[in-house]
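Visitor: This one is model.cif, mmCIF, C-alpha atoms and all ligand atoms.
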data_coords
#
loop_
_atom_site.label_atom_id
_atom_site.label_comp_id
_atom_site.auth_asym_id
_atom_site.auth_seq_id
_atom_site.Cartn_x
_atom_site.Cartn_y
_atom_site.Cartn_z
CA MET A 1102 331.90 -82.12 131.86
CA THR A 1103 331.52 -84.95 134.35
CA ARG A 1104 330.59 -84.00 137.87
CA PRO A 1105 330.40 -87.18 139.99
CA VAL A 1106 327.48 -87.46 142.37
CA PRO A 1107 329.00 -88.08 145.79
CA VAL A 1108 326.36 -90.58 146.87
CA THR A 1109 325.06 -93.80 145.35
CA ALA A 1110 322.05 -95.86 146.38
CA ASP A 1111 322.60 -98.79 148.73
CA ALA A 1112 321.29 -101.85 146.87
CA ASP A 1113 321.06 -103.97 150.05
CA ARG A 1114 319.17 -101.33 151.98
CA LEU A 1115 316.80 -100.84 149.02
CA TRP A 1116 316.25 -104.58 148.95
CA SER A 1117 315.33 -104.75 152.63
CA THR A 1118 312.81 -101.92 152.06
CA LEU A 1119 311.17 -103.99 149.31
CA GLU A 1120 311.19 -107.11 151.50
CA ALA A 1121 309.53 -105.33 154.41
CA MET A 1122 306.76 -104.10 152.10
CA ALA A 1123 306.33 -107.51 150.42
CA ALA A 1124 305.68 -109.03 153.85
CA LEU A 1125 302.49 -106.94 154.08
CA SER A 1126 300.35 -109.20 151.94
CA GLU A 1127 297.22 -111.28 152.08
CA GLY A 1128 297.86 -115.03 151.84
CA GLY A 1129 298.36 -116.76 148.51
CA PRO A 1130 300.94 -116.37 145.76
CA GLY A 1131 302.82 -113.10 145.23
CA VAL A 1132 301.71 -109.88 146.89
CA THR A 1133 298.07 -108.91 147.39
CA ARG A 1134 297.65 -105.53 149.05
CA LEU A 1135 294.57 -103.95 147.56
CA ALA A 1136 293.56 -100.29 147.35
CA TYR A 1137 292.05 -98.74 150.47
CA THR A 1138 292.47 -101.77 152.73
CA ARG A 1139 293.99 -102.03 156.23
CA LEU A 1140 297.05 -103.68 154.69
CA GLU A 1141 297.58 -100.79 152.30
CA ARG A 1142 297.28 -98.32 155.18
CA ARG A 1143 299.79 -100.38 157.19
CA ALA A 1144 302.25 -100.03 154.27
CA HIS A 1145 301.70 -96.26 154.34
CA GLU A 1146 302.34 -96.19 158.11
CA LEU A 1147 305.59 -98.07 157.61
CA PHE A 1148 306.60 -95.59 154.89
CA ALA A 1149 305.78 -92.72 157.29
CA GLU A 1150 307.94 -94.24 160.07
CA TRP A 1151 310.90 -94.62 157.70
CA MET A 1152 310.57 -91.10 156.39
CA GLU A 1153 310.42 -89.58 159.88
CA ASP A 1154 313.61 -91.47 160.71
CA ALA A 1155 315.15 -89.88 157.60
CA GLY A 1156 314.37 -86.39 158.87
CA CYS A 1157 311.08 -85.70 157.05
CA ALA A 1158 307.80 -84.29 158.32
CA VAL A 1159 304.99 -86.62 157.27
CA ARG A 1160 301.33 -85.99 156.60
CA THR A 1161 298.53 -87.87 154.85
CA ASP A 1162 296.22 -85.99 152.52
CA CYS A 1163 292.47 -86.60 152.35
CA ALA A 1164 292.84 -89.17 149.56
CA GLY A 1165 295.23 -91.26 151.64
CA ASN A 1166 298.41 -90.21 149.83
CA THR A 1167 301.28 -90.03 152.33
CA ILE A 1168 303.57 -87.05 151.78
CA ALA A 1169 306.95 -86.70 153.49
CA SER A 1170 308.57 -83.26 153.31
CA ARG A 1171 312.24 -82.54 153.75
CA PRO A 1172 312.95 -78.84 154.31
CA GLY A 1173 315.38 -76.96 152.11
CA ARG A 1174 317.40 -73.85 152.87
CA ASN A 1175 314.47 -71.81 151.63
CA GLU A 1176 310.71 -72.15 151.46
CA GLY A 1177 309.26 -72.59 148.00
CA PRO A 1178 307.96 -75.10 145.49
CA ALA A 1179 309.26 -78.62 146.05
CA VAL A 1180 310.69 -81.25 143.76
CA GLY A 1181 308.79 -84.48 144.42
CA THR A 1182 309.12 -88.17 143.81
CA GLY A 1183 307.11 -91.27 144.65
CA SER A 1184 304.84 -94.03 143.44
CA HIS A 1185 302.17 -96.32 144.89
CA LEU A 1186 302.01 -98.98 147.62
CA ASP A 1187 298.94 -101.00 146.60
CA SER A 1188 299.02 -104.07 144.35
CA VAL A 1189 296.80 -106.15 142.10
CA TYR A 1190 295.53 -109.59 143.20
CA ALA A 1191 298.55 -111.94 143.35
CA GLY A 1192 300.89 -109.27 141.97
CA GLY A 1193 304.61 -108.78 142.36
CA ARG A 1194 306.74 -106.93 144.87
CA PHE A 1195 308.04 -104.21 142.52
CA ASP A 1196 305.11 -102.56 140.74
CA GLY A 1197 304.75 -99.21 142.51
CA ILE A 1198 306.76 -100.31 145.51
CA ALA A 1199 310.06 -99.95 143.60
CA GLY A 1200 309.34 -96.23 143.19
CA VAL A 1201 308.41 -95.78 146.84
CA ALA A 1202 311.47 -97.76 147.97
CA ALA A 1203 313.57 -95.54 145.70
CA ALA A 1204 312.01 -92.46 147.32
CA VAL A 1205 312.81 -93.83 150.79
CA GLU A 1206 316.36 -94.56 149.67
CA VAL A 1207 316.86 -91.06 148.24
CA ALA A 1208 315.68 -89.55 151.55
CA ARG A 1209 318.09 -91.81 153.45
CA MET A 1210 320.97 -90.91 151.10
CA LEU A 1211 320.31 -87.20 151.62
CA HIS A 1212 319.99 -87.65 155.37
CA GLN A 1213 323.13 -89.73 155.70
CA ALA A 1214 325.23 -87.43 153.52
CA GLY A 1215 323.77 -84.33 155.18
CA VAL A 1216 322.84 -82.83 151.81
CA GLU A 1217 321.06 -79.49 152.00
CA THR A 1218 318.84 -78.57 149.07
CA ASP A 1219 317.80 -75.06 148.12
CA LEU A 1220 314.09 -75.79 148.24
CA PRO A 1221 312.07 -78.51 149.99
CA LEU A 1222 311.87 -82.04 148.59
CA ARG A 1223 308.79 -84.24 148.93
CA PHE A 1224 308.47 -88.02 148.90
CA VAL A 1225 305.05 -89.46 148.17
CA ALA A 1226 303.38 -92.84 148.57
CA PHE A 1227 300.23 -92.67 146.46
CA ALA A 1228 297.10 -94.52 147.54
CA ALA A 1229 295.02 -96.84 145.40
CA GLU A 1230 296.82 -96.73 142.06
CA GLU A 1231 295.78 -100.15 140.82
CA GLY A 1232 292.39 -100.53 139.16
CA ALA A 1233 292.23 -104.15 140.38
CA ARG A 1234 289.75 -103.56 143.19
CA PHE A 1235 287.49 -100.76 141.93
CA GLY A 1236 288.08 -100.80 138.18
CA GLN A 1237 289.59 -97.33 138.38
CA ALA A 1238 293.32 -96.71 138.26
CA CYS A 1239 295.23 -93.93 139.98
CA CYS A 1240 292.53 -93.02 142.55
CA GLY A 1241 294.91 -91.25 144.94
CA SER A 1242 296.78 -89.29 142.31
CA LYS A 1243 293.59 -88.43 140.40
CA LEU A 1244 292.16 -86.94 143.59
CA ALA A 1245 295.44 -85.07 144.17
CA ALA A 1246 295.16 -83.66 140.65
CA GLY A 1247 291.50 -82.67 141.09
CA LEU A 1248 290.44 -85.12 138.39
CA SER A 1249 287.90 -87.18 140.38
CA SER A 1250 284.42 -86.12 141.40
CA ARG A 1251 282.65 -87.10 144.62
CA ALA A 1252 280.01 -88.96 142.54
CA GLU A 1253 282.72 -91.13 141.00
CA LEU A 1254 283.71 -92.28 144.50
CA ASP A 1255 280.15 -93.55 145.01
CA ASP A 1256 279.83 -95.10 141.56
CA ARG A 1257 282.94 -97.26 141.59
CA ARG A 1258 282.41 -100.50 143.49
CA ASP A 1259 284.50 -103.56 144.22
CA ARG A 1260 283.36 -107.17 143.67
CA ASP A 1261 281.64 -107.14 147.11
CA GLY A 1262 279.63 -104.02 146.24
CA ILE A 1263 281.67 -101.71 148.49
CA SER A 1264 282.05 -98.26 146.93
CA LEU A 1265 285.32 -96.36 146.77
CA ALA A 1266 283.87 -93.78 149.18
CA GLU A 1267 282.85 -96.51 151.66
CA ALA A 1268 286.26 -98.18 151.45
CA MET A 1269 287.98 -94.83 152.05
CA ALA A 1270 285.79 -94.10 155.07
CA ALA A 1271 286.42 -97.61 156.44
CA VAL A 1272 290.16 -96.88 156.67
CA GLY A 1273 289.62 -93.48 158.26
CA LEU A 1274 289.76 -91.23 155.17
CA ASP A 1275 287.24 -88.56 154.27
CA PRO A 1276 285.89 -88.98 150.72
CA ASP A 1277 284.06 -85.62 150.79
CA ALA A 1278 287.23 -83.73 151.60
CA ALA A 1279 289.31 -85.86 149.20
CA ALA A 1280 287.22 -84.85 146.20
CA SER A 1281 287.50 -81.17 147.01
CA ALA A 1282 291.11 -80.74 148.14
CA PRO A 1283 293.49 -81.17 145.21
CA TRP A 1284 297.18 -80.36 145.53
CA ARG A 1285 298.17 -76.77 144.74
CA PRO A 1286 300.41 -76.41 141.68
CA ALA A 1287 302.24 -73.54 143.40
CA ASP A 1288 303.60 -75.98 146.01
CA TRP A 1289 305.53 -77.98 143.42
CA SER A 1290 308.25 -77.29 140.86
CA ALA A 1291 308.58 -80.78 139.31
CA PHE A 1292 307.97 -84.47 140.00
CA VAL A 1293 309.85 -87.63 138.99
CA GLU A 1294 308.32 -91.11 139.38
CA LEU A 1295 310.51 -94.20 139.26
CA HIS A 1296 308.65 -97.35 138.20
CA ILE A 1297 309.37 -100.79 136.78
CA GLU A 1298 309.00 -100.90 133.00
CA GLN A 1299 306.36 -103.70 132.87
CA GLY A 1300 307.58 -104.43 129.37
CA SER A 1301 310.74 -105.99 127.95
CA VAL A 1302 312.43 -103.19 126.00
CA LEU A 1303 315.09 -102.56 128.69
CA ASP A 1304 315.58 -106.23 129.53
CA ASP A 1305 316.00 -107.10 125.84
CA SER A 1306 318.41 -104.26 125.13
CA GLY A 1307 320.44 -104.51 128.36
CA VAL A 1308 320.15 -100.76 128.94
CA ASP A 1309 320.13 -99.73 132.64
CA VAL A 1310 317.15 -97.38 132.72
CA GLY A 1311 314.43 -95.88 130.57
CA VAL A 1312 313.28 -92.28 130.52
CA VAL A 1313 309.65 -91.97 129.47
CA ASP A 1314 308.47 -89.47 126.87
CA LEU A 1315 304.85 -90.56 126.33
CA ILE A 1316 302.30 -92.45 128.44
CA SER A 1317 299.59 -94.30 126.50
CA GLY A 1318 295.98 -93.33 126.80
CA SER A 1319 293.34 -96.00 127.17
CA THR A 1320 289.70 -96.51 126.29
CA ARG A 1321 287.92 -99.16 128.34
CA LEU A 1322 284.45 -100.47 127.66
CA GLU A 1323 282.21 -103.06 129.25
CA LEU A 1324 280.28 -104.95 126.58
CA VAL A 1325 277.29 -107.22 127.09
CA ALA A 1326 276.30 -109.77 124.45
CA ASP A 1327 272.74 -110.98 124.98
CA GLY A 1328 271.88 -114.24 123.28
CA ARG A 1329 269.40 -116.98 124.11
CA ALA A 1330 270.14 -119.60 126.77
CA SER A 1331 268.76 -123.03 126.04
CA HIS A 1332 269.46 -126.76 126.38
CA THR A 1333 272.71 -127.80 124.63
CA GLY A 1334 271.27 -131.16 123.58
CA GLY A 1335 267.78 -130.14 122.65
CA THR A 1336 268.68 -127.03 120.61
CA PRO A 1337 269.86 -127.61 117.02
CA MET A 1338 273.04 -125.80 115.91
CA ARG A 1339 271.16 -123.74 113.35
CA GLY A 1340 269.28 -120.77 114.72
CA ARG A 1341 271.13 -120.59 118.02
CA ALA A 1342 271.96 -117.21 119.56
CA ASP A 1343 275.11 -118.21 121.46
CA ALA A 1344 276.41 -115.17 123.32
CA LEU A 1345 279.82 -116.75 123.97
CA ALA A 1346 280.37 -117.69 120.33
CA ALA A 1347 279.70 -114.02 119.47
CA ALA A 1348 282.02 -112.79 122.23
CA ALA A 1349 284.73 -115.19 121.06
CA GLU A 1350 284.56 -113.69 117.57
CA ALA A 1351 284.69 -110.23 119.14
CA VAL A 1352 287.88 -111.10 121.05
CA LEU A 1353 289.54 -112.21 117.82
CA ALA A 1354 288.25 -109.18 115.90
CA ALA A 1355 289.87 -106.87 118.46
CA GLU A 1356 293.15 -108.77 118.25
CA ARG A 1357 293.11 -108.80 114.44
CA LEU A 1358 292.48 -105.07 114.24
CA ALA A 1359 295.35 -104.21 116.60
CA LEU A 1360 297.64 -106.39 114.44
CA ASP A 1361 296.55 -104.53 111.28
CA ALA A 1362 299.36 -102.32 109.93
CA ARG A 1363 296.99 -99.33 109.90
CA TYR A 1364 296.82 -99.52 113.69
CA ARG A 1365 300.44 -100.40 114.44
CA GLY A 1366 301.14 -99.24 118.00
CA ALA A 1367 297.59 -99.79 119.25
CA ARG A 1368 296.97 -102.54 121.83
CA ALA A 1369 293.56 -104.14 122.12
CA THR A 1370 292.74 -106.67 124.83
CA VAL A 1371 289.72 -108.50 126.21
CA GLY A 1372 290.86 -109.35 129.72
CA ARG A 1373 287.63 -110.28 131.47
CA LEU A 1374 284.76 -112.41 130.32
CA LEU A 1375 281.79 -113.48 132.43
CA VAL A 1376 279.69 -116.25 130.91
CA GLU A 1377 276.11 -116.78 132.11
CA PRO A 1378 274.61 -119.05 133.20
CA GLY A 1379 278.01 -120.76 133.05
CA SER A 1380 276.71 -124.29 132.78
CA ILE A 1381 278.17 -127.12 130.69
CA THR A 1382 274.70 -128.08 129.48
CA THR A 1383 273.27 -124.63 128.71
CA ILE A 1384 274.02 -122.47 125.66
CA PRO A 1385 275.57 -119.23 127.01
CA GLY A 1386 272.76 -116.68 127.18
CA ARG A 1387 274.79 -113.68 128.21
CA VAL A 1388 278.45 -112.71 128.16
CA THR A 1389 279.78 -109.59 129.84
CA PHE A 1390 283.28 -108.71 128.69
CA SER A 1391 285.81 -105.91 128.78
CA LEU A 1392 287.65 -104.18 125.97
CA ASP A 1393 290.81 -102.20 126.66
CA VAL A 1394 292.39 -100.23 123.80
CA ARG A 1395 295.62 -98.32 124.41
CA ASP A 1396 297.76 -96.12 122.22
CA VAL A 1397 300.21 -93.26 122.46
CA ASP A 1398 298.31 -91.73 119.50
CA ALA A 1399 294.97 -90.51 120.86
CA ASP A 1400 293.38 -90.24 117.44
CA ARG A 1401 294.38 -93.76 116.37
CA GLN A 1402 293.16 -95.06 119.75
CA ARG A 1403 289.65 -93.62 119.20
CA ARG A 1404 289.56 -94.84 115.57
CA ALA A 1405 290.59 -98.33 116.67
CA VAL A 1406 287.80 -98.42 119.26
CA ALA A 1407 285.24 -97.24 116.69
CA GLU A 1408 286.33 -99.83 114.16
CA ILE A 1409 286.41 -102.70 116.67
CA MET A 1410 282.93 -101.74 117.85
CA GLY A 1411 281.69 -101.66 114.25
CA ARG A 1412 283.01 -105.18 113.70
CA VAL A 1413 281.60 -106.47 116.99
CA ARG A 1414 278.18 -105.01 116.14
CA ALA A 1415 278.24 -106.78 112.78
CA ILE A 1416 279.23 -110.08 114.44
CA CYS A 1417 276.38 -109.85 116.93
CA LEU A 1418 273.86 -108.83 114.28
CA ARG A 1419 274.80 -111.82 112.10
CA ARG A 1420 274.39 -114.14 115.08
CA GLY A 1421 271.13 -112.68 116.34
CA VAL A 1422 272.79 -111.57 119.55
CA GLY A 1423 272.04 -108.21 121.19
CA LEU A 1424 274.88 -105.91 122.15
CA SER A 1425 275.22 -103.07 124.62
CA ALA A 1426 278.33 -101.11 125.54
CA ARG A 1427 279.16 -98.98 128.56
CA PRO A 1428 282.27 -96.75 128.67
CA LEU A 1429 284.42 -97.33 131.78
CA ALA A 1430 287.28 -94.96 131.08
CA ASP A 1431 288.67 -92.87 128.27
CA THR A 1432 291.97 -91.07 128.58
CA SER A 1433 294.32 -89.66 125.96
CA ALA A 1434 298.04 -90.22 125.89
CA VAL A 1435 300.11 -87.81 127.92
CA VAL A 1436 303.24 -86.20 126.53
CA LEU A 1437 305.59 -85.65 129.45
CA PRO A 1438 307.32 -82.24 129.35
CA ASP A 1439 310.70 -82.39 127.67
CA TRP A 1440 312.50 -80.01 130.03
CA VAL A 1441 312.03 -82.28 133.06
CA ARG A 1442 313.12 -85.26 130.96
CA ALA A 1443 316.17 -83.25 129.85
CA GLU A 1444 317.19 -82.78 133.51
CA VAL A 1445 316.89 -86.54 134.07
CA THR A 1446 318.88 -87.43 130.95
CA GLY A 1447 321.37 -84.68 131.83
CA ALA A 1448 321.83 -86.28 135.26
CA ALA A 1449 322.25 -89.69 133.57
CA GLY A 1450 325.02 -88.24 131.42
CA GLU A 1451 326.75 -86.74 134.46
CA ILE A 1452 326.84 -89.95 136.45
CA GLY A 1453 327.37 -92.29 133.51
CA VAL A 1454 324.04 -94.12 133.50
CA ARG A 1455 323.03 -95.56 130.14
CA TYR A 1456 319.43 -94.75 129.31
CA ARG A 1457 316.97 -95.14 126.53
CA VAL A 1458 313.90 -92.99 125.85
CA LEU A 1459 310.72 -95.12 125.86
CA THR A 1460 306.96 -94.85 125.84
CA SER A 1461 304.82 -96.34 128.60
CA GLY A 1462 301.93 -98.62 127.69
CA ALA A 1463 300.68 -98.67 131.28
CA SER A 1464 299.15 -95.71 133.07
CA HIS A 1465 300.88 -94.29 136.11
CA ASP A 1466 300.41 -91.76 138.90
CA ALA A 1467 302.89 -89.57 136.99
CA GLN A 1468 300.25 -89.11 134.28
CA MET A 1469 297.86 -87.53 136.81
CA ILE A 1470 300.53 -85.58 138.72
CA ASN A 1471 301.66 -84.06 135.43
CA ARG A 1472 298.40 -82.06 135.64
CA VAL A 1473 299.67 -80.51 138.88
CA THR A 1474 303.36 -80.09 138.08
CA PRO A 1475 305.71 -81.01 135.21
CA THR A 1476 306.59 -84.68 135.61
CA ALA A 1477 309.16 -87.17 134.35
CA MET A 1478 309.41 -90.95 134.69
CA ILE A 1479 312.39 -93.25 135.14
CA PHE A 1480 311.87 -96.93 134.25
CA VAL A 1481 313.98 -99.78 135.64
CA PRO A 1482 314.05 -103.14 133.81
CA SER A 1483 311.45 -105.85 134.38
CA ARG A 1484 312.86 -109.32 133.82
CA ALA A 1485 311.24 -110.80 130.69
CA GLY A 1486 308.86 -107.83 130.81
CA LEU A 1487 306.64 -109.61 133.35
CA SER A 1488 304.42 -107.59 135.69
CA HIS A 1489 301.20 -107.99 137.72
CA VAL A 1490 302.30 -111.57 138.46
CA PRO A 1491 304.28 -113.08 141.37
CA GLU A 1492 307.25 -113.64 139.00
CA GLU A 1493 307.72 -109.87 138.57
CA TRP A 1494 311.44 -109.19 139.06
CA THR A 1495 313.90 -106.32 138.86
CA ASP A 1496 317.59 -106.89 139.48
CA PRO A 1497 318.49 -105.13 142.79
CA ALA A 1498 321.60 -103.62 141.18
CA LYS A 1499 319.50 -102.11 138.36
CA LEU A 1500 317.04 -100.70 140.87
CA ALA A 1501 319.98 -99.11 142.69
CA VAL A 1502 321.20 -97.54 139.42
CA GLY A 1503 317.73 -96.11 138.79
CA THR A 1504 317.59 -94.78 142.35
CA THR A 1505 320.98 -93.09 142.05
CA LEU A 1506 319.71 -91.45 138.87
CA LEU A 1507 316.55 -90.36 140.70
CA PHE A 1508 318.71 -88.81 143.44
CA ALA A 1509 320.88 -86.95 140.92
CA SER A 1510 317.80 -85.81 138.93
CA MET A 1511 316.11 -84.39 142.01
CA LEU A 1512 319.20 -82.40 142.94
CA ARG A 1513 319.40 -80.97 139.40
CA LEU A 1514 315.71 -80.09 139.42
CA ASP A 1515 316.11 -78.45 142.83
CA ALA A 1516 319.04 -76.34 141.59
CA ARG A 1517 317.02 -75.36 138.54
CA ALA A 1518 313.94 -74.39 140.59
CA ALA A 1519 316.10 -72.38 142.97
CA SER A 1520 317.59 -70.41 140.07
CA VAL A 1521 314.16 -69.18 139.01
CA ALA A 1522 312.98 -65.93 140.64
CA PRO A 1523 310.14 -66.71 143.11
CA ASP A 1524 307.51 -64.64 141.26
CA ALA A 1525 308.38 -66.28 137.95
CA ARG A 1526 308.33 -69.83 139.27
CA LEU A 1527 304.91 -70.92 138.17
CA PRO A 1528 304.28 -70.86 134.42
CA PRO A 1529 300.94 -69.10 133.81
CA VAL A 1530 299.37 -72.20 132.28
CA LEU A 1531 299.85 -74.09 135.55
CA ALA A 1532 298.35 -71.30 137.62
CA GLU A 1533 294.98 -72.12 136.10
CA PRO A 1534 292.79 -74.61 137.94
CA VAL A 1535 293.12 -78.18 136.73
CA GLY A 1536 290.04 -79.62 135.09
CA GLU A 1537 288.76 -82.91 133.72
CA PRO A 1538 291.00 -84.75 131.28
CA SER A 1539 289.92 -84.33 127.70
ZN ZN B 1601 302.30 -99.35 139.17
#
What is this file in structure tokens?

Guide:
Amino acid sequence: MTRPVPVTADADRLWSTLEAMAALSEGGPGVTRLAYTRLERRAHELFAEWMEDAGCAVRTDCAGNTIASRPGRNEGPAVGTGSHLDSVYAGGRFDGIAGVAAAVEVARMLHQAGVETDLPLRFVAFAAEEGARFGQACCGSKLAAGLSSRAELDDRRDRDGISLAEAMAAVGLDPDAAASAPWRPADWSAFVELHIEQGSVLDDSGVDVGVVDLISGSTRLELVADGRASHTGGTPMRGRADALAAAAEAVLAAERLALDARYRGARATVGRLLVEPGSITTIPGRVTFSLDVRDVDADRQRRAVAEIMGRVRAICLRRGVGLSARPLADTSAVVLPDWVRAEVTGAAGEIGVRYRVLTSGASHDAQMINRVTPTAMIFVPSRAGLSHVPEEWTDPAKLAVGTTLLFASMLRLDARAASVAPDARLPPVLAEPVGEPS
């Protein structure tokens, strides 16, 4: 049975929301609006102003996440949506922002059409999702999910040595409170995050939207190869301990392993490499480099890391180069609950949106929020799969389709939550406190 949704997203209005956010950027190419900066807070203030105009009550939690609530006919657990407002260095105008703009648009659609929901709805702009500044992704949503400790906020530092806690305090947030005030599962019934795909599956296939079933886990390490710096002219080729030559072999070993059929699906990348002393006339004495291994199969991810590390150790040993490794992050893939996904795909069927079920190689706030409340993700296409670059692009009409689907999904989830007796609303497993990810 087809039941048309009476309201569709306004592509032009969505576009002007994106434009207003894109204007809040440091100089240089693309958008640079880093985690826990004045610019990021300004974006949150703008979001708050828009949401108040759309009839929501707005508050900011201790982690800097801005939460706009729209009352329903009854009190009770809310259906939520949202994404993040920070960017990487020289990033695009869609990553994160598309999901917040979609949230703003849904609130405006509801307001304009005078839709009354059974239970409250909430629209969230998460703080500090990108790991670009502090090397840790999803800071705001991790704090909301009770997955970050106070010590972590002191340990993580940006390239200027400023800790996460210091950066939070500098923009008026309270890191002590943030680490001890997670969201309450009882306040939520479900959450849906809209995000750009950051891959090319949708663009290649021409399908309007993706609905995510699995989000990859990732293991990140910082490796240091210690060789022997010396004069490039005076030192014979034999007997050198060139740290960069060892690191170069390590980069290729990681790539080769991820291409091996036994590890199909794993992604291994060395994205950062610091060569010291970094002189044309000195053999590299030390190289510090990153290794990022991602997979939707947690077991294969850990085996890939172990095997890459075994190969890198052998390379360094053969070259007389020392090796040390420090873990930066280790998360397992998250399986998003199928019943929330079924409401989203059900809504897609009702309004005639073509979708495809996909996995996500990138991590997202949804992954953390799924620890608080059952969560789904809607992907909109990224042109040529490009993301984290100024060329990032999503067709405004496709974003509007995704937003209309988000609107319809939230109404279905609201109706579903309202049909559950209040004392049976929270599944027992979610009533337990959330702990560290395994
Ligand atoms: Zn993002």

Visitor: At a cut-off of 9 Å around ligand ZN 1601 (chain B), and using all atoms listed in the file, what residues come up? Please write them as a list of chain:residue names.

Guide: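 The neighbouring residues of ligand ZN 1601 (chain B) are, in order, A:Ser1184, A:His1185, A:Leu1186, A:Asp1187, A:Ser1188, A:Phe1195, A:Asp1196, A:Gly1197, A:Ile1198, A:Ala1199, A:Gly1200, A:Glu1230, A:Glu1231, A:Cys1239, A:His1296, A:Ile1297, A:Gln1299, A:Ala1463, A:Ser1464, A:His1465, A:Asp1466, A:His1489.
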
Visitor: Work out how far apart atom CA of A:Pro1286 and atom CA of A:Leu1220 are and give it in Å to one decimal.

Guide: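 Atom CA of A:Pro1286 sits 15.2 Å away from atom CA of A:Leu1220.
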
Visitor: Need the shell around A:Leu1147: protein/DNA/RNA residues with any atom at most 12 Å away, counting only C-alpha atoms. Skip same-chain ones fewer than 5 positions apart. Format as a PyMOL selection string?

Guide: chain A and resi 1118-1119+1121-1125+1140-1142+1152-1154+1159+1167+1186+1201-1202+1205+1226

Visitor: Report the distance between atom CA of A:Asn1471 and atom CA of A:Leu1315 in Å, rounded to one decimal place.

Guide: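 Distance reported for this atom pair: 11.6 Å.
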
Visitor: As number ranges by chain, please: the residues near stretch 1383-1397 of chain A (cut-off 6 Å, only C-alpha atoms, same-chain neighbours under 4 positions excluded).

Guide: A: 1317-1333, 1343-1345, 1367-1371, 1373-1377, 1402, 1434

Visitor: Counting all atoms listed in the file, which of A:Gly1486, A:Gly1165, A:Gly1173, A:Gly1307 gets nearest to A:Pro1276?

Guide: A:Gly1165

Visitor: What gap, in Å, lies between atom CA of A:Met1469 and atom CA of A:Ala1110?

Guide: 27.3 Å

Visitor: Find the residues near A:Glu1217: any atom within 8 Å, counting all atoms listed in the file, skip ones fewer than 2 places away on the same chain, and give them as JSON, numbers by chain.

Guide: {"A": [1173, 1174, 1211, 1215, 1219]}

Visitor: Env of A:Tyr1137: 7 Å cut, atoms = only C-alpha atoms, seq-sep filter 2 positions within chain, self excluded. Answer as a PyMOL selection string.

Guide: chain A and resi 1135+1139+1141+1229+1268-1269+1272
